[in-house]
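Chemist: What follows is a single structure, and I will ask about it in a moment.
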Amino acid sequence: MTAVADDCCVTPAPRFGTRKAVLIVAALAAAGLAAVIVFALLSGDAGVVTNFRARLAAPSLFHPFGTDALGRDMLARTLKGLALSFRVGLFAATASTVIALVLALVAAGGPRWADAIVAYLVDMTMGLPHLVLLILISFAFGGGANAVIIAVALTHWPRLTRILRAEILQLRQAEYVTISRNFGKSPLHIARHHFAPHLIPQMLVGLVLMFPHAILHEAGLTFLGFGIEPTTPAIGVLLSESLRYLTAGKWWLGLFPGLALLIAVLAFDAIGNGLRTLTDPRGSQS
Amino acid sequence: MTIWTRFVAIRFLRLALLLAGVAVVAFALAKLSPVDPVTAYLGPNIAKVGPEQRALIAARWGLDQPVTVQFLHWLSNLVSGDFGWSATYNAPVTAVIGSRVAASAALMGLAWLLSGVIGFSLGVIAATFQGGWCDRIIRVYAYVLASTPTFWIAILLLMGFSVALGWTPVCCAAPIGLLPGEATLLQRLHHLILPLVALSILGISQIALHTRAKMIDILESDFATYARAQGASRLDVALRHGARNAALPAITVLFASLGELFGGSILAEQVFAYPGLGSATIEAGVRGDVPLLLAIAMGTTLFVSVGNTIADILYVVADPRIDLASDAALREIGP
């Protein structure tokens with residue numbers, strides 16, 4: 001059906017600035033995201049240890065994001081939550097990309113009925129509201145972190161499937177592929193030398209652009225109380241906890257984790273657009 | 001049969017097939033769940049119930065039958081309008097949904113209209129003054145907000161307007177202590193404002209970005225150049241020629257984004273404790289209320305798929321160049 005509203009939230013980004021600027025922004029974004037991961041790996045138990053003498057402290061130099069009801073540092077918790085989101089996002093996006101590639105190959109290369117079945121699967125996945133499907137799948141797998149990861153991994157492939165399928169169909173009809181075939185090149189040779197160079201960049205861009213969706217959906221599901229245990233610092237858990245102290249005016253509990261999530265999502269978007277600029281020859285003149 | 005009736009008929013046939021498929025998948029997913037429906041139903045009362053009684057309940061619900069029999073039974077009940085019993089709300093599923101659908105419809109319907117009207121206007125303005133400061137502001141606004149999680153926007157709105165300024169209520173659809181039926185229209189609107197704003201923000205940015213792109217295409221087309229050559233200003237062309245051409249694609253996007261709208265309403269209703277279908281969905285999912293969850297899944301699929309089908313049809317209306325007769329299995333109509 002329609003391809004406009006596959007998923008939530010991220011619409012094709014308008015181009016800001018020149019190619020060089022896009023690439024610089026993408027590089028900065030990648031560095032920032034890497035810093036978050038490094039912090040989460042090295043920080044040990046920061047953000048997990050409680051300190052009852054510093055409960056619900058407002059942001060200060062020592063605790064830039066404030067502390068929560070158990071005196072835990074919100075900055076550390078936010079960064080750990082982000083790192084968790086990245087892990088979920090990486091796994092889910094990779095799984096969805098693999099699903100998309102397999103289905104696209106089947107649809108474009110197989111018989112007509114296989115194409116119809118893939119089309120039907122795409123329509124079905126997009127016919128349910130994404131969040132309802134996520135809730136159903138995480139319920140089916142009994143909740144918990146793994147159920148959330150499975151749910152996010154199983155639902156993000158339709159858009160990329162369509163893109164890859166269209167690309168494969170176009171490639172198959174390309175003249176140089178026909179010529180190559182007439183010269184007696186093996187299918188493996190054609191796949192390696194003609195198909196892969198086109199498909200791999202598309203897949204990479206698709207993978208990175210899937211990240212923001214996956215992360216937002218993971219946070220949304222966790223926020224609603226599905227999945228990740230309340231003790232784990234995840235962005236969704238932090239935001240859902242913040243609701244309890246909202247009326248008491250503890251604004252930092254809700255503001256910073258969400259802001260960090262937004263920045264991370266924009267960063268992944270910037271990296272995806274940077275990759276697309278790098279790989280798409282049509283974009284090079286801008 | 002004309003090409004048109006055939007085209008529409010095929011679309012609706014696909015819709016029916018789709019619903020059947022979703023019914024199978026949703027039922028299978030619910031069956032796959034390790035959550036035992038009897039345990040979920042009993043809750044804390046589980047200590048008072050022995051294994052014999054559990055077996056009785058399971059038999060009463062038909063849980064001892066093979067899965068296919070259960071599925072066919074459920075499906076035939078569904079077709080005859082019986083959606084089962086919701087253990088969470090201790091009422092028939094139809095009654096639960098019926099009591100909540102009005103609140104959700106008000107929230108989603110208004111949000112849908114607002115995103116359409118405001119988003120379209122912003123898109124037209126941005127395209128008309130392309131490259132100007134107005135365009136920049138709208139673009140950055142739309143781009144950033146399109147990536148912002150709805151529930152975080154909702155939390156920020158609550159912090160700002162309800163807690164800090166005290167202009168709007170903190171929760172619910174009516175003042176606490178009043179039954180929803182007793183609240184006046186004004187009170188209800190007062191409680192609706194924040195969820196509505198939270199839900200509209202996402203839609204607005206999407207429609208604005210889409211309309212802007214379409215409008216720029218139109219303003220660069222030959223007839224726009226011709227009109228400009230005759231002395232019309234860019235704004236003239238945008239309003240007299242562009243708006244009508246860009247409206248149908250925008251409406252198409254609106255129809256195609258009903259799924260996101262419902263997803264957003266689930267999140268917004270959770271933050272504002274707004275008693276609509278979204279909060280029922282969460283309750284059903286968290287407590288393992290399978291009949292309610294399945295009914296909502298089927299209902300929303302119908303809602304979203306009808307929207308997608310309308311979007312498909314509108315897209316053909318908007319672009320007469322699309323050839324209706326060649327309706328292949330995987331026709332990708334759509335932007």
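A note on labels: chains of the structure tokens are A, B, ... as shown, every chain counts residues from 1, and ligands are counted from 1 in their shown order.
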Name the residues in contact with A:Gly236 at a cut-off of 7 Å, using only C-alpha atoms, excluding same-chain residues fewer than 3 positions from it; report them as a PyMOL selection string.
Modeler: chain A and resi 219-220+222-223+239-240
Chemist: For B:Ile97, work out the shell of residues within 12 Å, counting only C-alpha atoms and skipping chain neighbours fewer than 5 positions away, then give it as a list in words.
Modeler: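 The filter keeps Phe83, Gly84, Trp85, Ser86, Tyr89, Ala91, Pro92, Ala102, Ala103, Ser104, Ala105, Pro275, Gly276, Leu277, Gly278, Ser279, Ala280, Thr281, Ala284, Pro291, Leu292, Leu293, Leu294, Ala295, Ile296, Ala297, Gly299 and Thr300 of chain B.
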Chemist: Residues at most 10 Å from B:Leu114, counting only C-alpha atoms, excluding those fewer than 4 positions away in the same chain, as a list in words?
Modeler: Met108, Gly109, Leu110, Ile118, Gly119, Phe120, Leu196, Val197, Leu199, Ser200, Ile201, Gly203 and Ile204 of chain B
Chemist: Take the residues from that selection and put them in a file with C-alpha atoms, as a PDB file, in the first residue's frame.
Modeler:
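The result, stored in out.pdb:
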ATOM      1  CA  MET B 108      -7.718  11.556  17.482  1.00  0.00           C
ATOM      2  CA  GLY B 109     -10.237  13.219  15.204  1.00  0.00           C
ATOM      3  CA  LEU B 110      -9.341  16.708  16.377  1.00  0.00           C
ATOM      4  CA  ILE B 118      -1.888  23.559  10.368  1.00  0.00           C
ATOM      5  CA  GLY B 119       0.601  21.220   8.714  1.00  0.00           C
ATOM      6  CA  PHE B 120      -0.675  22.048   5.252  1.00  0.00           C
ATOM      7  CA  LEU B 196      -4.508  17.148  21.691  1.00  0.00           C
ATOM      8  CA  VAL B 197      -1.463  19.402  21.351  1.00  0.00           C
ATOM      9  CA  LEU B 199      -0.735  14.324  19.523  1.00  0.00           C
ATOM     10  CA  SER B 200      -0.982  17.019  16.849  1.00  0.00           C
ATOM     11  CA  ILE B 201       2.630  18.118  16.983  1.00  0.00           C
ATOM     12  CA  GLY B 203       1.262  15.030  12.558  1.00  0.00           C
ATOM     13  CA  ILE B 204       1.779  18.709  11.854  1.00  0.00           C
TER      14      ILE B 204
END
Chemist: Find the residues around A:Ala26 up to 7 Å (only C-alpha atoms counted), leave out those fewer than 3 positions away in its own chain, and share them as a PyMOL selection string.
Modeler: chain A and resi 22-23+29-30+270-271+274
Chemist: Which of stretch 212-275 of chain B counts as helix (DSSP H, G or I) under DSSP, as an mmCIF file with N, CA and C atoms, in the first residue's frame please?
Modeler:
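What ended up in part21.cif:
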data_model
loop_
_atom_site.group_PDB
_atom_site.id
_atom_site.type_symbol
_atom_site.label_atom_id
_atom_site.label_comp_id
_atom_site.auth_asym_id
_atom_site.auth_seq_id
_atom_site.Cartn_x
_atom_site.Cartn_y
_atom_site.Cartn_z
ATOM 1 N N ARG B 212 5.523 20.814 1.844
ATOM 2 C CA ARG B 212 6.575 21.719 1.382
ATOM 3 C C ARG B 212 7.263 21.133 0.153
ATOM 4 N N ALA B 213 7.609 19.852 0.239
ATOM 5 C CA ALA B 213 8.298 19.218 -0.892
ATOM 6 C C ALA B 213 7.426 19.238 -2.151
ATOM 7 N N LYS B 214 6.139 18.890 -1.985
ATOM 8 C CA LYS B 214 5.217 18.870 -3.130
ATOM 9 C C LYS B 214 5.094 20.256 -3.736
ATOM 10 N N MET B 215 4.941 21.224 -2.837
ATOM 11 C CA MET B 215 4.678 22.596 -3.266
ATOM 12 C C MET B 215 5.874 23.145 -4.036
ATOM 13 N N ILE B 216 7.082 22.803 -3.596
ATOM 14 C CA ILE B 216 8.270 23.298 -4.298
ATOM 15 C C ILE B 216 8.311 22.713 -5.705
ATOM 16 N N ASP B 217 7.951 21.439 -5.817
ATOM 17 C CA ASP B 217 7.859 20.822 -7.154
ATOM 18 C C ASP B 217 6.899 21.606 -8.039
ATOM 19 N N ILE B 218 5.728 21.916 -7.444
ATOM 20 C CA ILE B 218 4.708 22.604 -8.233
ATOM 21 C C ILE B 218 5.203 23.992 -8.646
ATOM 22 N N LEU B 219 5.824 24.692 -7.717
ATOM 23 C CA LEU B 219 6.268 26.060 -8.008
ATOM 24 C C LEU B 219 7.401 26.076 -9.029
ATOM 25 N N ASP B 222 6.254 24.013 -15.127
ATOM 26 C CA ASP B 222 6.120 24.934 -16.257
ATOM 27 C C ASP B 222 4.958 25.901 -16.088
ATOM 28 N N PHE B 223 3.813 25.373 -15.613
ATOM 29 C CA PHE B 223 2.666 26.275 -15.553
ATOM 30 C C PHE B 223 2.853 27.344 -14.495
ATOM 31 N N ALA B 224 3.619 27.023 -13.445
ATOM 32 C CA ALA B 224 3.904 28.031 -12.435
ATOM 33 C C ALA B 224 4.803 29.117 -13.032
ATOM 34 N N THR B 225 5.798 28.699 -13.818
ATOM 35 C CA THR B 225 6.679 29.660 -14.479
ATOM 36 C C THR B 225 5.864 30.561 -15.417
ATOM 37 N N TYR B 226 4.935 29.932 -16.122
ATOM 38 C CA TYR B 226 4.099 30.677 -17.053
ATOM 39 C C TYR B 226 3.270 31.724 -16.312
ATOM 40 N N ALA B 227 2.664 31.294 -15.210
ATOM 41 C CA ALA B 227 1.866 32.223 -14.417
ATOM 42 C C ALA B 227 2.734 33.346 -13.878
ATOM 43 N N ARG B 228 3.960 33.003 -13.487
ATOM 44 C CA ARG B 228 4.883 34.028 -12.988
ATOM 45 C C ARG B 228 5.222 35.011 -14.103
ATOM 46 N N ALA B 229 5.386 34.470 -15.314
ATOM 47 C CA ALA B 229 5.734 35.321 -16.445
ATOM 48 C C ALA B 229 4.610 36.311 -16.742
ATOM 49 N N ARG B 234 4.838 34.916 -6.408
ATOM 50 C CA ARG B 234 5.012 33.531 -5.971
ATOM 51 C C ARG B 234 3.863 33.103 -5.054
ATOM 52 N N LEU B 235 3.436 34.032 -4.199
ATOM 53 C CA LEU B 235 2.337 33.738 -3.279
ATOM 54 C C LEU B 235 1.049 33.478 -4.053
ATOM 55 N N ASP B 236 0.812 34.320 -5.097
ATOM 56 C CA ASP B 236 -0.366 34.129 -5.947
ATOM 57 C C ASP B 236 -0.398 32.735 -6.520
ATOM 58 N N VAL B 237 0.742 32.348 -7.114
ATOM 59 C CA VAL B 237 0.808 31.038 -7.751
ATOM 60 C C VAL B 237 0.566 29.946 -6.717
ATOM 61 N N ALA B 238 1.205 30.116 -5.546
ATOM 62 C CA ALA B 238 1.073 29.098 -4.510
ATOM 63 C C ALA B 238 -0.388 28.941 -4.096
ATOM 64 N N LEU B 239 -1.095 30.047 -3.891
ATOM 65 C CA LEU B 239 -2.456 29.959 -3.385
ATOM 66 C C LEU B 239 -3.440 29.560 -4.474
ATOM 67 N N ARG B 240 -3.288 30.145 -5.684
ATOM 68 C CA ARG B 240 -4.290 29.912 -6.726
ATOM 69 C C ARG B 240 -4.080 28.598 -7.454
ATOM 70 N N HIS B 241 -2.819 28.243 -7.702
ATOM 71 C CA HIS B 241 -2.565 27.030 -8.481
ATOM 72 C C HIS B 241 -2.010 25.902 -7.615
ATOM 73 N N GLY B 242 -1.115 26.267 -6.716
ATOM 74 C CA GLY B 242 -0.395 25.224 -5.975
ATOM 75 C C GLY B 242 -1.240 24.548 -4.923
ATOM 76 N N ALA B 243 -1.972 25.350 -4.121
ATOM 77 C CA ALA B 243 -2.653 24.791 -2.952
ATOM 78 C C ALA B 243 -3.571 23.647 -3.350
ATOM 79 N N ARG B 244 -4.313 23.841 -4.444
ATOM 80 C CA ARG B 244 -5.260 22.802 -4.831
ATOM 81 C C ARG B 244 -4.518 21.540 -5.262
ATOM 82 N N ASN B 245 -3.390 21.744 -5.956
ATOM 83 C CA ASN B 245 -2.629 20.585 -6.414
ATOM 84 C C ASN B 245 -1.945 19.850 -5.271
ATOM 85 N N ALA B 246 -1.563 20.612 -4.248
ATOM 86 C CA ALA B 246 -0.834 19.988 -3.147
ATOM 87 C C ALA B 246 -1.768 19.421 -2.092
ATOM 88 N N ALA B 247 -3.050 19.799 -2.155
ATOM 89 C CA ALA B 247 -3.974 19.392 -1.087
ATOM 90 C C ALA B 247 -4.230 17.896 -1.092
ATOM 91 N N LEU B 248 -4.444 17.326 -2.278
ATOM 92 C CA LEU B 248 -4.801 15.920 -2.333
ATOM 93 C C LEU B 248 -3.666 15.013 -1.834
ATOM 94 N N PRO B 249 -2.413 15.275 -2.257
ATOM 95 C CA PRO B 249 -1.326 14.472 -1.665
ATOM 96 C C PRO B 249 -1.273 14.593 -0.151
ATOM 97 N N ALA B 250 -1.533 15.797 0.359
ATOM 98 C CA ALA B 250 -1.492 15.966 1.814
ATOM 99 C C ALA B 250 -2.581 15.143 2.478
ATOM 100 N N ILE B 251 -3.775 15.135 1.870
ATOM 101 C CA ILE B 251 -4.872 14.342 2.431
ATOM 102 C C ILE B 251 -4.522 12.859 2.369
ATOM 103 N N THR B 252 -3.878 12.469 1.272
ATOM 104 C CA THR B 252 -3.444 11.075 1.157
ATOM 105 C C THR B 252 -2.529 10.690 2.306
ATOM 106 N N VAL B 253 -1.551 11.555 2.590
ATOM 107 C CA VAL B 253 -0.631 11.269 3.689
ATOM 108 C C VAL B 253 -1.401 11.189 5.001
ATOM 109 N N LEU B 254 -2.371 12.076 5.174
ATOM 110 C CA LEU B 254 -3.172 12.057 6.399
ATOM 111 C C LEU B 254 -3.867 10.710 6.576
ATOM 112 N N PHE B 255 -4.444 10.202 5.480
ATOM 113 C CA PHE B 255 -5.139 8.924 5.578
ATOM 114 C C PHE B 255 -4.164 7.788 5.816
ATOM 115 N N ALA B 256 -2.969 7.936 5.261
ATOM 116 C CA ALA B 256 -2.013 6.844 5.399
ATOM 117 C C ALA B 256 -1.351 6.837 6.768
ATOM 118 N N LEU B 258 -2.848 7.007 9.770
ATOM 119 C CA LEU B 258 -3.756 6.720 10.882
ATOM 120 C C LEU B 258 -3.112 5.781 11.910
ATOM 121 N N GLY B 259 -2.247 4.896 11.447
ATOM 122 C CA GLY B 259 -1.585 3.979 12.374
ATOM 123 C C GLY B 259 -0.719 4.716 13.370
ATOM 124 N N GLU B 260 0.042 5.674 12.855
ATOM 125 C CA GLU B 260 0.870 6.476 13.743
ATOM 126 C C GLU B 260 0.024 7.278 14.706
ATOM 127 N N LEU B 261 -1.112 7.767 14.184
ATOM 128 C CA LEU B 261 -2.001 8.555 15.024
ATOM 129 C C LEU B 261 -2.454 7.718 16.211
ATOM 130 N N PHE B 262 -2.832 6.469 15.935
ATOM 131 C CA PHE B 262 -3.292 5.615 17.031
ATOM 132 C C PHE B 262 -2.135 5.299 17.983
ATOM 133 N N GLY B 263 -0.958 5.010 17.405
ATOM 134 C CA GLY B 263 0.206 4.753 18.251
ATOM 135 C C GLY B 263 0.504 5.945 19.150
ATOM 136 N N GLY B 264 0.455 7.137 18.563
ATOM 137 C CA GLY B 264 0.688 8.348 19.350
ATOM 138 C C GLY B 264 -0.353 8.502 20.433
ATOM 139 N N SER B 265 -1.601 8.151 20.129
ATOM 140 C CA SER B 265 -2.650 8.340 21.133
ATOM 141 C C SER B 265 -2.462 7.362 22.290
ATOM 142 N N ILE B 266 -1.897 6.171 22.004
ATOM 143 C CA ILE B 266 -1.617 5.241 23.106
ATOM 144 C C ILE B 266 -0.650 5.895 24.084
ATOM 145 N N LEU B 267 0.423 6.480 23.526
ATOM 146 C CA LEU B 267 1.452 7.088 24.383
ATOM 147 C C LEU B 267 0.911 8.323 25.100
ATOM 148 N N ALA B 268 0.187 9.163 24.368
ATOM 149 C CA ALA B 268 -0.324 10.393 24.979
ATOM 150 C C ALA B 268 -1.337 10.061 26.070
ATOM 151 N N GLU B 269 -2.200 9.080 25.808
ATOM 152 C CA GLU B 269 -3.204 8.726 26.810
ATOM 153 C C GLU B 269 -2.553 8.187 28.076
ATOM 154 N N GLN B 270 -1.427 7.480 27.889
ATOM 155 C CA GLN B 270 -0.716 6.961 29.058
ATOM 156 C C GLN B 270 -0.216 8.108 29.932
ATOM 157 N N VAL B 271 0.388 9.126 29.314
ATOM 158 C CA VAL B 271 0.941 10.241 30.096
ATOM 159 C C VAL B 271 -0.171 11.007 30.800
ATOM 160 N N PHE B 272 -1.257 11.263 30.095
ATOM 161 C CA PHE B 272 -2.297 12.119 30.664
ATOM 162 C C PHE B 272 -3.378 11.320 31.390
#
Chemist: Here is a test: counting only C-alpha atoms, which residue of A:Thr97, A:Thr178, A:Thr247, A:Gln170 is nearest to chain B?
Modeler: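 Closest to chain B of all the choices is A:Thr247.
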Chemist: With only C-alpha atoms as the atoms that count, which of A:Ala147, A:Ile179, A:Ala191, A:Leu90 lies nearest to chain B?
Modeler: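 Ranked by minimum distance to chain B, first place goes to A:Ala147.
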Chemist: Distance atom CA of A:Lys185-atom CA of A:Pro111, one decimal place?
Modeler: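 Here the two named atoms are 22.6 Å from each other.
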Chemist: Which residue gives the smallest distance to chain B among A:Ile215, A:Val177, A:Leu207, A:Leu131, with only C-alpha atoms counted?
Modeler: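 Checking each of A:Ile215, A:Val177, A:Leu207, A:Leu131 against chain B, counting only C-alpha atoms, the winner is A:Leu131.
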Chemist: Would you mind listing what lies within 7 Å of stretch 211-213 of chain A as a list of chain:residue names, with only C-alpha atoms counted and same-chain residues fewer than 5 positions away left out?
Modeler: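 Close residues of stretch 211-213 of chain A: A:Cys8, A:Gly89, A:Leu90, A:Ala93, A:Val265, A:Phe268, A:Asp269.
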Chemist: Write out as a PDB file with all heavy atoms, in the first residue's frame each polymer residue whose atoms come within 8 Å of stretch 116-123 of chain A, counting only C-alpha atoms; drop sequence neighbours fewer than 2 positions from it.
Modeler:
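And here is the file that came out, selection.pdb:
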ATOM      1  N   MET A   1       0.841  -1.198   0.000  1.00  0.00           N
ATOM      2  CA  MET A   1       0.000   0.000   0.000  1.00  0.00           C
ATOM      3  C   MET A   1       0.869   1.236   0.000  1.00  0.00           C
ATOM      4  O   MET A   1       1.875   1.287  -0.682  1.00  0.00           O
ATOM      5  CB  MET A   1      -0.922  -0.015   1.208  1.00  0.00           C
ATOM      6  CG  MET A   1      -2.019  -1.064   1.042  1.00  0.00           C
ATOM      7  SD  MET A   1      -3.207  -0.902   2.357  1.00  0.00           S
ATOM      8  CE  MET A   1      -4.329  -2.202   1.914  1.00  0.00           C
ATOM      9  N   LEU A 103      13.607 -11.145   2.119  1.00  0.00           N
ATOM     10  CA  LEU A 103      12.286 -11.001   1.506  1.00  0.00           C
ATOM     11  C   LEU A 103      12.386 -10.300   0.156  1.00  0.00           C
ATOM     12  O   LEU A 103      11.691 -10.669  -0.798  1.00  0.00           O
ATOM     13  CB  LEU A 103      11.350 -10.225   2.439  1.00  0.00           C
ATOM     14  CG  LEU A 103      10.850 -11.010   3.653  1.00  0.00           C
ATOM     15  CD1 LEU A 103       9.934 -10.148   4.491  1.00  0.00           C
ATOM     16  CD2 LEU A 103      10.117 -12.262   3.204  1.00  0.00           C
ATOM     17  N   ALA A 104      13.265  -9.298   0.061  1.00  0.00           N
ATOM     18  CA  ALA A 104      13.402  -8.577  -1.204  1.00  0.00           C
ATOM     19  C   ALA A 104      13.945  -9.505  -2.282  1.00  0.00           C
ATOM     20  O   ALA A 104      13.483  -9.483  -3.430  1.00  0.00           O
ATOM     21  CB  ALA A 104      14.314  -7.366  -1.026  1.00  0.00           C
ATOM     22  N   VAL A 106      13.607 -12.766  -2.370  1.00  0.00           N
ATOM     23  CA  VAL A 106      12.547 -13.704  -2.716  1.00  0.00           C
ATOM     24  C   VAL A 106      11.524 -13.035  -3.626  1.00  0.00           C
ATOM     25  O   VAL A 106      11.101 -13.592  -4.646  1.00  0.00           O
ATOM     26  CB  VAL A 106      11.862 -14.223  -1.432  1.00  0.00           C
ATOM     27  CG1 VAL A 106      10.574 -14.951  -1.772  1.00  0.00           C
ATOM     28  CG2 VAL A 106      12.801 -15.144  -0.674  1.00  0.00           C
ATOM     29  N   ALA A 107      11.141 -11.804  -3.276  1.00  0.00           N
ATOM     30  CA  ALA A 107      10.098 -11.113  -4.036  1.00  0.00           C
ATOM     31  C   ALA A 107      10.570 -10.806  -5.453  1.00  0.00           C
ATOM     32  O   ALA A 107       9.828 -10.983  -6.420  1.00  0.00           O
ATOM     33  CB  ALA A 107       9.698  -9.834  -3.315  1.00  0.00           C
ATOM     34  N   ARG A 112       6.079 -15.378  -9.365  1.00  0.00           N
ATOM     35  CA  ARG A 112       5.130 -14.292  -9.153  1.00  0.00           C
ATOM     36  C   ARG A 112       4.383 -14.419  -7.830  1.00  0.00           C
ATOM     37  O   ARG A 112       4.132 -13.420  -7.156  1.00  0.00           O
ATOM     38  CB  ARG A 112       4.129 -14.293 -10.296  1.00  0.00           C
ATOM     39  CG  ARG A 112       3.910 -12.943 -10.907  1.00  0.00           C
ATOM     40  CD  ARG A 112       2.880 -13.049 -12.022  1.00  0.00           C
ATOM     41  NE  ARG A 112       1.711 -12.250 -11.694  1.00  0.00           N
ATOM     42  CZ  ARG A 112       1.687 -10.931 -11.755  1.00  0.00           C
ATOM     43  NH1 ARG A 112       2.750 -10.267 -12.099  1.00  0.00           N
ATOM     44  NH2 ARG A 112       0.592 -10.259 -11.463  1.00  0.00           N
ATOM     45  N   TRP A 113       4.060 -15.677  -7.470  1.00  0.00           N
ATOM     46  CA  TRP A 113       3.293 -15.829  -6.225  1.00  0.00           C
ATOM     47  C   TRP A 113       4.137 -15.462  -5.012  1.00  0.00           C
ATOM     48  O   TRP A 113       3.632 -14.986  -3.993  1.00  0.00           O
ATOM     49  CB  TRP A 113       2.695 -17.234  -6.116  1.00  0.00           C
ATOM     50  CG  TRP A 113       3.676 -18.374  -6.233  1.00  0.00           C
ATOM     51  CD1 TRP A 113       3.981 -19.066  -7.362  1.00  0.00           C
ATOM     52  CD2 TRP A 113       4.487 -18.928  -5.196  1.00  0.00           C
ATOM     53  NE1 TRP A 113       4.924 -20.017  -7.093  1.00  0.00           N
ATOM     54  CE2 TRP A 113       5.259 -19.969  -5.778  1.00  0.00           C
ATOM     55  CE3 TRP A 113       4.636 -18.664  -3.837  1.00  0.00           C
ATOM     56  CZ2 TRP A 113       6.169 -20.719  -5.039  1.00  0.00           C
ATOM     57  CZ3 TRP A 113       5.534 -19.413  -3.102  1.00  0.00           C
ATOM     58  CH2 TRP A 113       6.297 -20.429  -3.694  1.00  0.00           C
ATOM     59  N   ALA A 114       5.457 -15.683  -5.111  1.00  0.00           N
ATOM     60  CA  ALA A 114       6.318 -15.302  -3.990  1.00  0.00           C
ATOM     61  C   ALA A 114       6.290 -13.786  -3.808  1.00  0.00           C
ATOM     62  O   ALA A 114       6.223 -13.273  -2.681  1.00  0.00           O
ATOM     63  CB  ALA A 114       7.735 -15.786  -4.240  1.00  0.00           C
ATOM     64  N   THR A 125       1.915  -6.161   7.874  1.00  0.00           N
ATOM     65  CA  THR A 125       2.698  -5.530   8.937  1.00  0.00           C
ATOM     66  C   THR A 125       2.365  -4.051   9.048  1.00  0.00           C
ATOM     67  O   THR A 125       2.385  -3.475  10.126  1.00  0.00           O
ATOM     68  CB  THR A 125       4.196  -5.712   8.660  1.00  0.00           C
ATOM     69  OG1 THR A 125       4.417  -7.049   8.274  1.00  0.00           O
ATOM     70  CG2 THR A 125       5.015  -5.391   9.871  1.00  0.00           C
ATOM     71  N   MET A 126       2.075  -3.442   7.885  1.00  0.00           N
ATOM     72  CA  MET A 126       1.780  -2.013   7.939  1.00  0.00           C
ATOM     73  C   MET A 126       0.304  -1.727   8.169  1.00  0.00           C
ATOM     74  O   MET A 126      -0.075  -0.584   8.394  1.00  0.00           O
ATOM     75  CB  MET A 126       2.264  -1.353   6.660  1.00  0.00           C
ATOM     76  CG  MET A 126       3.759  -1.165   6.741  1.00  0.00           C
ATOM     77  SD  MET A 126       4.560  -0.773   5.202  1.00  0.00           S
ATOM     78  CE  MET A 126       3.454   0.377   4.499  1.00  0.00           C
ATOM     79  N   GLY A 127      -0.533  -2.782   8.135  1.00  0.00           N
ATOM     80  CA  GLY A 127      -1.948  -2.571   8.356  1.00  0.00           C
ATOM     81  C   GLY A 127      -2.296  -2.415   9.826  1.00  0.00           C
ATOM     82  O   GLY A 127      -3.272  -1.780  10.180  1.00  0.00           O
ATOM     83  N   PRO A 158       9.556  -3.645   6.672  1.00  0.00           N
ATOM     84  CA  PRO A 158       8.784  -3.416   5.437  1.00  0.00           C
ATOM     85  C   PRO A 158       9.337  -2.324   4.519  1.00  0.00           C
ATOM     86  O   PRO A 158       9.441  -2.525   3.325  1.00  0.00           O
ATOM     87  CB  PRO A 158       7.402  -3.033   5.955  1.00  0.00           C
ATOM     88  CG  PRO A 158       7.302  -3.650   7.273  1.00  0.00           C
ATOM     89  CD  PRO A 158       8.667  -3.586   7.841  1.00  0.00           C
TER      90      PRO A 158
ATOM     91  N   LEU B  18      -6.391  -9.075   4.055  1.00  0.00           N
ATOM     92  CA  LEU B  18      -5.479  -8.540   5.058  1.00  0.00           C
ATOM     93  C   LEU B  18      -6.034  -8.770   6.466  1.00  0.00           C
ATOM     94  O   LEU B  18      -5.336  -9.231   7.367  1.00  0.00           O
ATOM     95  CB  LEU B  18      -5.318  -7.053   4.789  1.00  0.00           C
ATOM     96  CG  LEU B  18      -4.257  -6.363   5.590  1.00  0.00           C
ATOM     97  CD1 LEU B  18      -2.978  -6.429   4.796  1.00  0.00           C
ATOM     98  CD2 LEU B  18      -4.628  -4.937   5.824  1.00  0.00           C
ATOM     99  N   ALA B 329       0.297  -7.607  -8.724  1.00  0.00           N
ATOM    100  CA  ALA B 329       0.174  -8.053  -7.340  1.00  0.00           C
ATOM    101  C   ALA B 329       0.825  -7.061  -6.395  1.00  0.00           C
ATOM    102  O   ALA B 329       0.310  -6.748  -5.338  1.00  0.00           O
ATOM    103  CB  ALA B 329       0.812  -9.425  -7.196  1.00  0.00           C
ATOM    104  N   LEU B 330       1.987  -6.583  -6.759  1.00  0.00           N
ATOM    105  CA  LEU B 330       2.663  -5.657  -5.859  1.00  0.00           C
ATOM    106  C   LEU B 330       2.768  -4.292  -6.504  1.00  0.00           C
ATOM    107  O   LEU B 330       3.847  -3.784  -6.758  1.00  0.00           O
ATOM    108  CB  LEU B 330       4.038  -6.186  -5.478  1.00  0.00           C
ATOM    109  CG  LEU B 330       4.577  -5.495  -4.238  1.00  0.00           C
ATOM    110  CD1 LEU B 330       4.382  -6.373  -3.032  1.00  0.00           C
ATOM    111  CD2 LEU B 330       6.029  -5.154  -4.369  1.00  0.00           C
TER     112      LEU B 330
END
Chemist: Under the rule that only C-alpha atoms are counted, which of A:Phe86, A:Phe226, A:Phe65, A:Phe256 is the nearest residue to chain B?
Modeler: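 Going through A:Phe86, A:Phe226, A:Phe65, A:Phe256 one by one, the smallest distance to chain B is for A:Phe226.
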Chemist: Which is closest to chain B among A:Val132, A:Ala196, A:Ala35, A:Ala153, if we use only C-alpha atoms?
Modeler: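 The shortest atom-to-atom distance to chain B comes from A:Val132.
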